[in-house]
>>> print(open('protein34.cif').read())   # mmCIF, C-alpha atoms and all ligand atoms
data_run
#
loop_
_atom_site.group_PDB
_atom_site.id
_atom_site.type_symbol
_atom_site.label_atom_id
_atom_site.label_comp_id
_atom_site.auth_asym_id
_atom_site.auth_seq_id
_atom_site.Cartn_x
_atom_site.Cartn_y
_atom_site.Cartn_z
ATOM 1 C CA MET M 84 -17.838 -9.156 -9.813
ATOM 2 C CA ALA M 85 -21.357 -7.830 -9.308
ATOM 3 C CA THR M 86 -21.104 -8.021 -5.513
ATOM 4 C CA ASP M 87 -17.855 -6.064 -5.580
ATOM 5 C CA SER M 88 -19.466 -3.377 -7.731
ATOM 6 C CA VAL M 89 -22.385 -3.049 -5.319
ATOM 7 C CA ASN M 90 -20.008 -2.804 -2.384
ATOM 8 C CA VAL M 91 -17.905 -0.161 -4.108
ATOM 9 C CA ARG M 92 -20.946 1.910 -5.039
ATOM 10 C CA ALA M 93 -22.317 1.674 -1.502
ATOM 11 C CA ALA M 94 -18.955 2.675 -0.051
ATOM 12 C CA LEU M 95 -18.700 5.605 -2.425
ATOM 13 C CA ARG M 96 -22.165 6.845 -1.556
ATOM 14 C CA GLN M 97 -21.373 6.584 2.135
ATOM 15 C CA GLN M 98 -18.113 8.468 1.754
ATOM 16 C CA LEU M 99 -19.636 11.221 -0.327
ATOM 17 C CA MET M 100 -22.516 11.703 2.057
ATOM 18 C CA SER M 101 -20.384 11.823 5.189
ATOM 19 C CA ASP M 102 -17.330 13.872 4.375
ATOM 20 C CA ARG M 103 -15.610 14.678 1.144
ATOM 21 C CA LEU M 104 -12.171 13.245 1.248
ATOM 22 C CA LEU M 105 -9.440 15.792 0.712
ATOM 23 C CA GLY M 106 -11.958 18.207 -0.750
ATOM 24 C CA ALA M 107 -12.640 16.088 -3.841
ATOM 25 C CA ARG M 108 -15.691 17.345 -5.705
ATOM 26 C CA ALA M 109 -16.103 14.391 -8.008
ATOM 27 C CA VAL M 110 -15.313 10.700 -7.838
ATOM 28 C CA PRO M 111 -13.500 9.313 -10.869
ATOM 29 C CA MET M 112 -14.923 6.281 -12.596
ATOM 30 C CA LEU M 113 -12.679 3.458 -13.679
ATOM 31 C CA PRO M 114 -11.897 3.081 -17.348
ATOM 32 C CA PRO M 115 -12.837 -0.252 -18.906
ATOM 33 C CA ALA M 116 -10.221 -2.982 -18.649
ATOM 34 C CA PRO M 117 -8.105 -3.114 -21.794
ATOM 35 C CA ALA M 118 -9.051 -6.019 -24.035
ATOM 36 C CA GLY M 119 -6.461 -8.730 -23.577
ATOM 37 C CA GLY M 120 -4.367 -6.450 -21.406
ATOM 38 C CA ARG M 121 -3.508 -6.379 -17.710
ATOM 39 C CA PRO M 122 -6.299 -5.907 -15.208
ATOM 40 C CA ARG M 123 -7.104 -2.243 -14.547
ATOM 41 C CA ALA M 124 -6.115 -0.873 -11.152
ATOM 42 C CA GLY M 125 -9.592 -1.471 -9.806
ATOM 43 C CA ALA M 126 -10.138 -4.873 -11.344
ATOM 44 C CA ALA M 127 -10.241 -7.738 -8.875
ATOM 45 C CA ALA M 128 -7.797 -10.474 -9.694
ATOM 46 C CA GLY M 129 -8.220 -13.824 -7.967
ATOM 47 C CA PRO M 130 -5.838 -16.748 -7.813
ATOM 48 C CA ALA M 131 -7.073 -18.069 -11.151
ATOM 49 C CA ASP M 132 -6.032 -14.970 -13.085
ATOM 50 C CA THR M 133 -2.802 -13.915 -11.377
ATOM 51 C CA GLY M 134 -0.556 -16.544 -12.868
ATOM 52 C CA GLY M 135 0.162 -18.236 -9.557
ATOM 53 C CA LYS M 136 1.004 -15.005 -7.731
ATOM 54 C CA ALA M 137 -1.655 -15.518 -5.058
ATOM 55 C CA GLU M 138 -0.350 -19.012 -4.340
ATOM 56 C CA ARG M 139 3.238 -17.774 -4.125
ATOM 57 C CA LEU M 140 2.240 -14.984 -1.731
ATOM 58 C CA GLN M 141 0.314 -17.441 0.391
ATOM 59 C CA ALA M 142 3.279 -19.813 0.512
ATOM 60 C CA LEU M 143 5.600 -16.986 1.548
ATOM 61 C CA ASN M 144 3.227 -16.050 4.349
ATOM 62 C CA GLU M 145 2.386 -19.550 5.561
ATOM 63 C CA GLN M 146 5.820 -21.115 5.250
ATOM 64 C CA GLN M 147 8.065 -18.224 6.278
ATOM 65 C CA VAL M 148 6.501 -15.063 7.708
ATOM 66 C CA LYS M 149 4.014 -16.591 10.148
ATOM 67 C CA ALA M 150 6.739 -18.604 11.888
ATOM 68 C CA CYS M 151 9.500 -16.017 11.536
ATOM 69 C CA LYS M 152 11.859 -15.397 14.449
ATOM 70 C CA LYS M 153 14.525 -13.469 12.610
ATOM 71 C CA CYS M 154 14.305 -10.489 14.959
ATOM 72 C CA ASP M 155 13.184 -9.767 18.517
ATOM 73 C CA LEU M 156 9.788 -8.479 17.439
ATOM 74 C CA CYS M 157 8.655 -12.094 17.263
ATOM 75 C CA GLN M 158 8.638 -12.074 21.081
ATOM 76 C CA THR M 159 6.202 -9.178 21.455
ATOM 77 C CA ARG M 160 3.905 -9.583 18.460
ATOM 78 C CA THR M 161 0.406 -10.985 18.737
ATOM 79 C CA ARG M 162 0.187 -11.837 15.029
ATOM 80 C CA THR M 163 2.324 -11.329 11.995
ATOM 81 C CA VAL M 164 0.849 -8.917 9.450
ATOM 82 C CA PHE M 165 1.700 -10.051 5.939
ATOM 83 C CA GLY M 166 -0.492 -7.556 4.087
ATOM 84 C CA GLN M 167 -3.593 -8.090 2.000
ATOM 85 C CA GLY M 168 -5.218 -7.293 -1.301
ATOM 86 C CA SER M 169 -5.004 -8.499 -4.864
ATOM 87 C CA ALA M 170 -1.986 -10.530 -5.936
ATOM 88 C CA GLY M 171 -2.546 -9.056 -9.398
ATOM 89 C CA ALA M 172 -2.608 -5.459 -8.161
ATOM 90 C CA ARG M 173 -1.232 -2.733 -10.392
ATOM 91 C CA LEU M 174 -0.709 -0.570 -7.310
ATOM 92 C CA VAL M 175 0.971 -1.507 -4.012
ATOM 93 C CA PHE M 176 0.971 0.625 -0.845
ATOM 94 C CA VAL M 177 3.807 0.122 1.649
ATOM 95 C CA GLY M 178 3.759 1.501 5.188
ATOM 96 C CA GLU M 179 6.353 1.057 7.910
ATOM 97 C CA ALA M 180 4.958 -1.461 10.404
ATOM 98 C CA PRO M 181 1.751 -2.791 11.983
ATOM 99 C CA GLY M 182 0.196 -0.829 14.829
ATOM 100 C CA TYR M 183 -1.958 -1.904 17.761
ATOM 101 C CA GLU M 184 -5.078 -2.876 15.797
ATOM 102 C CA GLU M 185 -3.072 -4.490 13.023
ATOM 103 C CA ASP M 186 -1.164 -6.606 15.529
ATOM 104 C CA LYS M 187 -4.424 -7.743 17.106
ATOM 105 C CA GLN M 188 -6.167 -8.567 13.836
ATOM 106 C CA GLY M 189 -3.230 -9.696 11.713
ATOM 107 C CA LEU M 190 -4.279 -7.276 8.962
ATOM 108 C CA ALA M 191 -2.515 -4.233 7.538
ATOM 109 C CA PHE M 192 -3.974 -0.728 7.922
ATOM 110 C CA VAL M 193 -7.165 -1.499 9.829
ATOM 111 C CA GLY M 194 -6.894 1.163 12.559
ATOM 112 C CA LYS M 195 -7.777 4.848 12.220
ATOM 113 C CA ALA M 196 -4.938 5.432 9.777
ATOM 114 C CA GLY M 197 -6.181 2.465 7.791
ATOM 115 C CA GLN M 198 -9.647 3.948 7.627
ATOM 116 C CA LEU M 199 -8.204 7.142 6.173
ATOM 117 C CA LEU M 200 -6.197 5.091 3.677
ATOM 118 C CA THR M 201 -9.413 3.363 2.635
ATOM 119 C CA LYS M 202 -11.010 6.773 2.020
ATOM 120 C CA MET M 203 -8.024 7.787 -0.064
ATOM 121 C CA ILE M 204 -8.385 4.658 -2.200
ATOM 122 C CA VAL M 205 -12.163 4.418 -2.500
ATOM 123 C CA ALA M 206 -13.413 7.993 -2.474
ATOM 124 C CA GLY M 207 -10.205 9.620 -3.691
ATOM 125 C CA MET M 208 -9.033 7.223 -6.391
ATOM 126 C CA GLY M 209 -12.383 5.637 -7.209
ATOM 127 C CA ILE M 210 -11.145 2.061 -6.873
ATOM 128 C CA SER M 211 -11.656 -0.711 -4.347
ATOM 129 C CA ARG M 212 -9.267 -1.409 -1.512
ATOM 130 C CA ASP M 213 -9.449 -5.103 -2.418
ATOM 131 C CA ASP M 214 -7.948 -4.373 -5.810
ATOM 132 C CA VAL M 215 -4.681 -2.897 -4.556
ATOM 133 C CA PHE M 216 -2.175 -4.600 -2.258
ATOM 134 C CA ILE M 217 -1.383 -3.048 1.119
ATOM 135 C CA CYS M 218 1.518 -4.093 3.323
ATOM 136 C CA ASN M 219 4.349 -2.818 5.508
ATOM 137 C CA VAL M 220 8.129 -2.997 5.609
ATOM 138 C CA LEU M 221 7.950 -4.879 8.924
ATOM 139 C CA LYS M 222 5.568 -7.772 9.429
ATOM 140 C CA CYS M 223 5.495 -7.480 13.244
ATOM 141 C CA ARG M 224 4.569 -4.545 15.448
ATOM 142 C CA PRO M 225 7.384 -2.662 17.187
ATOM 143 C CA PRO M 226 6.496 -2.078 20.864
ATOM 144 C CA ASN M 227 4.683 1.218 21.435
ATOM 145 C CA ASN M 228 4.684 1.818 17.685
ATOM 146 C CA ARG M 229 8.274 3.039 17.727
ATOM 147 C CA ASP M 230 10.079 3.435 14.405
ATOM 148 C CA PRO M 231 11.585 0.235 12.975
ATOM 149 C CA SER M 232 15.249 -0.246 13.833
ATOM 150 C CA ALA M 233 17.899 -0.780 11.182
ATOM 151 C CA ASP M 234 18.368 -4.388 12.313
ATOM 152 C CA GLU M 235 14.649 -5.100 12.065
ATOM 153 C CA ILE M 236 14.469 -3.632 8.577
ATOM 154 C CA LEU M 237 17.480 -5.690 7.556
ATOM 155 C CA ALA M 238 15.879 -8.869 8.899
ATOM 156 C CA CYS M 239 12.382 -8.278 7.538
ATOM 157 C CA GLY M 240 13.127 -6.409 4.315
ATOM 158 C CA PRO M 241 13.588 -9.543 2.187
ATOM 159 C CA TYR M 242 9.940 -10.516 2.761
ATOM 160 C CA LEU M 243 8.761 -7.213 1.308
ATOM 161 C CA GLN M 244 11.259 -7.538 -1.506
ATOM 162 C CA GLU M 245 9.822 -10.970 -2.320
ATOM 163 C CA GLN M 246 6.254 -9.703 -2.148
ATOM 164 C CA ILE M 247 7.024 -6.967 -4.666
ATOM 165 C CA ALA M 248 8.920 -9.376 -6.916
ATOM 166 C CA ILE M 249 5.873 -11.665 -6.974
ATOM 167 C CA ILE M 250 3.203 -9.002 -7.498
ATOM 168 C CA GLN M 251 5.214 -6.883 -9.950
ATOM 169 C CA PRO M 252 2.961 -3.832 -9.631
ATOM 170 C CA GLU M 253 3.113 -1.009 -12.137
ATOM 171 C CA VAL M 254 3.342 1.639 -9.421
ATOM 172 C CA MET M 255 4.096 1.722 -5.683
ATOM 173 C CA ILE M 256 3.239 4.272 -3.016
ATOM 174 C CA ALA M 257 5.461 4.511 0.068
ATOM 175 C CA LEU M 258 3.458 5.780 3.034
ATOM 176 C CA GLY M 259 5.618 7.824 5.374
ATOM 177 C CA SER M 260 9.266 8.452 5.965
ATOM 178 C CA PRO M 261 10.517 5.026 7.174
ATOM 179 C CA ALA M 262 8.930 3.202 4.242
ATOM 180 C CA ALA M 263 10.166 5.727 1.679
ATOM 181 C CA LYS M 264 13.696 5.786 3.092
ATOM 182 C CA THR M 265 13.853 1.997 3.223
ATOM 183 C CA LEU M 266 12.507 1.397 -0.256
ATOM 184 C CA LEU M 267 14.657 4.093 -1.847
ATOM 185 C CA ASN M 268 17.733 3.500 0.311
ATOM 186 C CA THR M 269 18.021 7.178 1.095
ATOM 187 C CA ALA M 270 18.247 9.454 4.125
ATOM 188 C CA GLN M 271 16.224 12.264 2.538
ATOM 189 C CA SER M 272 13.136 13.463 4.376
ATOM 190 C CA ILE M 273 9.651 12.574 3.181
ATOM 191 C CA GLY M 274 9.043 16.276 2.573
ATOM 192 C CA LYS M 275 11.845 16.314 0.021
ATOM 193 C CA LEU M 276 11.026 12.929 -1.510
ATOM 194 C CA ARG M 277 7.284 13.341 -2.061
ATOM 195 C CA GLY M 278 5.730 14.975 -5.093
ATOM 196 C CA ARG M 279 7.674 13.078 -7.775
ATOM 197 C CA PHE M 280 8.321 9.527 -8.858
ATOM 198 C CA HIS M 281 11.434 7.637 -7.822
ATOM 199 C CA GLU M 282 12.581 4.160 -8.825
ATOM 200 C CA TYR M 283 12.328 1.124 -6.555
ATOM 201 C CA PHE M 284 14.778 -1.525 -7.699
ATOM 202 C CA VAL M 285 13.347 -5.028 -7.288
ATOM 203 C CA SER M 286 16.838 -6.465 -6.788
ATOM 204 C CA GLY M 287 17.233 -4.326 -3.670
ATOM 205 C CA THR M 288 20.315 -2.671 -5.164
ATOM 206 C CA THR M 289 19.966 0.780 -6.677
ATOM 207 C CA GLY M 290 20.641 0.759 -10.399
ATOM 208 C CA VAL M 291 20.595 -3.038 -10.717
ATOM 209 C CA GLY M 292 17.840 -4.822 -12.665
ATOM 210 C CA PRO M 293 14.226 -3.814 -13.247
ATOM 211 C CA SER M 294 12.620 -1.011 -11.304
ATOM 212 C CA ILE M 295 9.117 0.139 -10.409
ATOM 213 C CA PRO M 296 8.000 3.789 -10.213
ATOM 214 C CA LEU M 297 7.479 4.717 -6.574
ATOM 215 C CA MET M 298 5.663 7.746 -5.191
ATOM 216 C CA PRO M 299 6.501 8.658 -1.587
ATOM 217 C CA THR M 300 3.796 10.479 0.301
ATOM 218 C CA TYR M 301 2.719 11.174 3.858
ATOM 219 C CA HIS M 302 1.531 8.344 6.112
ATOM 220 C CA PRO M 303 -2.213 8.477 6.899
ATOM 221 C CA ALA M 304 -1.381 8.551 10.630
ATOM 222 C CA TYR M 305 0.572 11.763 10.032
ATOM 223 C CA LEU M 306 -2.350 13.185 8.045
ATOM 224 C CA LEU M 307 -4.642 12.529 11.005
ATOM 225 C CA ARG M 308 -2.313 14.665 13.123
ATOM 226 C CA SER M 309 -1.654 17.222 10.375
ATOM 227 C CA PRO M 310 -4.765 17.456 8.187
ATOM 228 C CA GLY M 311 -3.344 20.519 6.480
ATOM 229 C CA GLU M 312 -0.982 18.193 4.584
ATOM 230 C CA LYS M 313 -3.826 16.257 2.954
ATOM 231 C CA ARG M 314 -3.709 18.518 -0.057
ATOM 232 C CA LYS M 315 -0.102 17.517 -0.794
ATOM 233 C CA THR M 316 -0.979 13.851 -0.443
ATOM 234 C CA TRP M 317 -3.866 14.293 -2.825
ATOM 235 C CA ASP M 318 -1.482 15.888 -5.329
ATOM 236 C CA ASP M 319 0.800 12.839 -5.015
ATOM 237 C CA ILE M 320 -2.092 10.454 -5.496
ATOM 238 C CA GLN M 321 -3.260 12.268 -8.588
ATOM 239 C CA LEU M 322 0.184 11.768 -10.124
ATOM 240 C CA VAL M 323 -0.181 8.043 -9.420
ATOM 241 C CA MET M 324 -3.659 8.004 -10.952
ATOM 242 C CA GLU M 325 -2.301 9.711 -14.030
ATOM 243 C CA ARG M 326 0.466 7.113 -14.278
ATOM 244 C CA LEU M 327 -2.091 4.298 -14.046
ATOM 245 C CA GLY M 328 -4.358 5.907 -16.617
ATOM 246 C CA LEU M 329 -7.152 6.534 -14.129
ATOM 247 C CA PRO M 330 -9.383 9.551 -14.770
ATOM 248 C CA GLN M 331 -8.650 12.545 -12.578
ATOM 249 C CA SER M 332 -11.350 13.905 -10.337
ATOM 250 C CA GLY M 333 -12.456 17.494 -10.181
ATOM 251 C CA GLN M 334 -10.268 18.190 -7.191
ATOM 252 C CA ALA M 335 -10.469 21.700 -5.772
HETATM 253 S S1 LIG M 401 9.519 -8.260 12.036
HETATM 254 FE FE1 LIG M 401 9.933 -9.525 10.232
HETATM 255 S S2 LIG M 401 11.989 -10.389 10.620
HETATM 256 FE FE2 LIG M 401 11.185 -9.668 12.608
HETATM 257 S S3 LIG M 401 10.188 -11.481 13.484
HETATM 258 FE FE3 LIG M 401 8.603 -10.303 12.384
HETATM 259 S S4 LIG M 401 8.518 -11.251 10.346
HETATM 260 FE FE4 LIG M 401 10.451 -11.894 11.289
#
>>> encode(input="protein34.cif", output="C-alpha cells", more="lines below")
Ligand code: SF4
Amino acid sequence: MATDSVNVRAALRQQLMSDRLLGARAVPMLPPAPAGGRPRAGAAAGPADTGGKAERLQALNEQQVKACKKCDLCQTRTRTVFGQGSAGARLVFVGEAPGYEEDKQGLAFVGKAGQLLTKMIVAGMGISRDDVFICNVLKCRPPNNRDPSADEILACGPYLQEQIAIIQPEVMIALGSPAAKTLLNTAQSIGKLRGRFHEYFVSGTTGVGPSIPLMPTYHPAYLLRSPGEKRKTWDDIQLVMERLGLPQSGQA
C-alpha cells in the first residue's frame, strides 16, 4: 500500500541518518513480487489474501491464548502476548518470552530489544516489520524475565506450534538460546547452532512431517549487552535474505 511504502521510506531515512545498523553501507531494495506467486517477504498480506490465516490466528488468540491458565504465569502476567505481524509472512521471528514492556502493552518485542529487532528488519533487511510475524515461545512474561521453565514451555509450546502451522512461513529465525533450543529440541548452545540452517518440524517431532528452515541467531537483548556479536547476527540474517531471494546489501 502507498501509506506503507511512505512509512518504510521514512523509517529507512531515519535509520540511515541516525546510526548505520550493524555497519551496513547500503539498504537492499525489495524485488518485485512474483506474478501469481506468493507475496514477497516485504509484501503486506491482509486477511483477504492470506487464505483465512489471519482469521485462524485471531481465533487462536481470542478463544485460547487470552484466557489461558495452563501454567502459573497466568497469575503474574498483565497481558498475554500472542505476537503480531502478517499472517501471510514468509519470515517468522521467535523469541523466548515477553519482557516488561511487552507484558504491559500486550505486544511482542516493543522494548529496547524490540527496537533493535526493528532496525535489523527495516534497515538491515530492507523490509517492513509489519510484513514479518514476530512472536515468542511463551505468551506470558516470566517474573523478573527469568528463563522459561521446562513446564512452561511444555504448556505453552502448542500455541506456537499452531501459529507456525497456520502461517507456514518459508523461513524462521530463532532469537536466542531458549527459543532455538525449544524449536530444535536440542541442548546445543546458540553459539554452536547459529550460522547455518536447521529444520523445524511442524509436527513437533524431529524427522516427522514437513519442516521449515530455521536460522538460530543471537537475541537482540544479548546484542545490546554484547554489541561485538552484531556482526555474527548480520551474517546469519544475510543467509536468511539469500534464502528468501532478497538482495544482499553492501555490508562491510
Ligand atoms: S505462558 Fe502460555 S501456557 Fe502459560 S498461562 Fe500463558 S499462555 Fe497459558
>>> closest_residue(input="protein34.cif", among="M:Gly328, M:Gly178, M:Tyr242, M:Glu184", to="Ala263 (chain M)", atoms="all atoms listed in the file")
M:Gly178
>>> closest_residue(input="protein34.cif", among="M:Ala248, M:Cys223, M:Met298, M:Ala196", to="Asp155 (chain M)", atoms="only C-alpha atoms")
M:Cys223
>>> resolve_selection(input="protein34.cif", expression="the PyMOL selection byres (((chain M and resi 293) around 12) and not hetatm)", output="number ranges by chain")
M: 247-248, 251-253, 282-292, 294-296
>>> closest_residue(input="protein34.cif", among="M:Val193, M:Ala270, M:Val254, M:Ala172", to="Arg326 (chain M)", atoms="all atoms listed in the file")
M:Val254
>>> resolve_selection(input="protein34.cif", expression="the PyMOL selection byres (((not hetatm)) within 8 of (chain M and resi 401))", output="list in words")
Val148, Lys149, Ala150, Cys151, Lys152, Lys153, Cys154, Asp155, Leu156, Cys157, Gln158, Arg160, Thr163, Leu221, Lys222, Cys223, Arg224, Pro225, Glu235, Ile236, Leu237, Ala238, Cys239, Gly240 and Tyr242 of chain M
>>> write_last_selection(input="protein34.cif", atoms="C-alpha atoms", output="PDB file, in the coordinates of the input")
ATOM      1  CA  VAL M 148       6.501 -15.063   7.708  1.00  0.00           C
ATOM      2  CA  LYS M 149       4.014 -16.591  10.148  1.00  0.00           C
ATOM      3  CA  ALA M 150       6.739 -18.604  11.888  1.00  0.00           C
ATOM      4  CA  CYS M 151       9.500 -16.017  11.536  1.00  0.00           C
ATOM      5  CA  LYS M 152      11.859 -15.397  14.449  1.00  0.00           C
ATOM      6  CA  LYS M 153      14.525 -13.469  12.610  1.00  0.00           C
ATOM      7  CA  CYS M 154      14.305 -10.489  14.959  1.00  0.00           C
ATOM      8  CA  ASP M 155      13.184  -9.767  18.517  1.00  0.00           C
ATOM      9  CA  LEU M 156       9.788  -8.479  17.439  1.00  0.00           C
ATOM     10  CA  CYS M 157       8.655 -12.094  17.263  1.00  0.00           C
ATOM     11  CA  GLN M 158       8.638 -12.074  21.081  1.00  0.00           C
ATOM     12  CA  ARG M 160       3.905  -9.583  18.460  1.00  0.00           C
ATOM     13  CA  THR M 163       2.324 -11.329  11.995  1.00  0.00           C
ATOM     14  CA  LEU M 221       7.950  -4.879   8.924  1.00  0.00           C
ATOM     15  CA  LYS M 222       5.568  -7.772   9.429  1.00  0.00           C
ATOM     16  CA  CYS M 223       5.495  -7.480  13.244  1.00  0.00           C
ATOM     17  CA  ARG M 224       4.569  -4.545  15.448  1.00  0.00           C
ATOM     18  CA  PRO M 225       7.384  -2.662  17.187  1.00  0.00           C
ATOM     19  CA  GLU M 235      14.649  -5.100  12.065  1.00  0.00           C
ATOM     20  CA  ILE M 236      14.469  -3.632   8.577  1.00  0.00           C
ATOM     21  CA  LEU M 237      17.480  -5.690   7.556  1.00  0.00           C
ATOM     22  CA  ALA M 238      15.879  -8.869   8.899  1.00  0.00           C
ATOM     23  CA  CYS M 239      12.382  -8.278   7.538  1.00  0.00           C
ATOM     24  CA  GLY M 240      13.127  -6.409   4.315  1.00  0.00           C
ATOM     25  CA  TYR M 242       9.940 -10.516   2.761  1.00  0.00           C
TER      26      TYR M 242
END
>>> closest_residue(input="protein34.cif", among="M:Phe216, M:Trp317, M:Phe192, M:Tyr305", to="Val164 (chain M)", atoms="only C-alpha atoms")
M:Phe192
>>> closest_residue(input="protein34.cif", among="M:Gln246, M:Asn268, M:Asn228, M:Ser169", to="Leu140 (chain M)", atoms="only C-alpha atoms")
M:Gln246
>>> closest_residue(input="protein34.cif", among="M:Ala170, M:Gln147, M:Glu325, M:Lys195", to="Gly135 (chain M)", atoms="all atoms listed in the file")
M:Ala170
>>> residues_around(input="protein34.cif", residues="region 173-177 of chain M", least_positions_apart="4", cutoff="7 Å", atoms="all atoms listed in the file", output="NGL selection string")
:M and (124 or 215-220 or 252-258 or 262)
>>> write_last_selection(input="protein34.cif", atoms="C-alpha atoms", output="compact mmCIF listing (two decimals), keeping the file's coordinate frame")
# COMPACT_ATOMS: atom_id res chain seq x y z
CA ALA M 124 -6.12 -0.87 -11.15
CA VAL M 215 -4.68 -2.90 -4.56
CA PHE M 216 -2.17 -4.60 -2.26
CA ILE M 217 -1.38 -3.05 1.12
CA CYS M 218 1.52 -4.09 3.32
CA ASN M 219 4.35 -2.82 5.51
CA VAL M 220 8.13 -3.00 5.61
CA PRO M 252 2.96 -3.83 -9.63
CA GLU M 253 3.11 -1.01 -12.14
CA VAL M 254 3.34 1.64 -9.42
CA MET M 255 4.10 1.72 -5.68
CA ILE M 256 3.24 4.27 -3.02
CA ALA M 257 5.46 4.51 0.07
CA LEU M 258 3.46 5.78 3.03
CA ALA M 262 8.93 3.20 4.24
>>> atom_distance(input="protein34.cif", atom1="CA of Lys202 (chain M)", atom2="CA of Ile250 (chain M)")
23.3 Å
>>> resolve_selection(input="protein34.cif", expression="the PyMOL selection byres (((chain M and resi 320) around 9) and not hetatm)", output="list in words")
Met203, Gly207, Met208, Ile256, Met298, Thr300, Lys315, Thr316, Trp317, Asp318, Asp319, Gln321, Leu322, Val323, Met324 and Glu325 of chain M
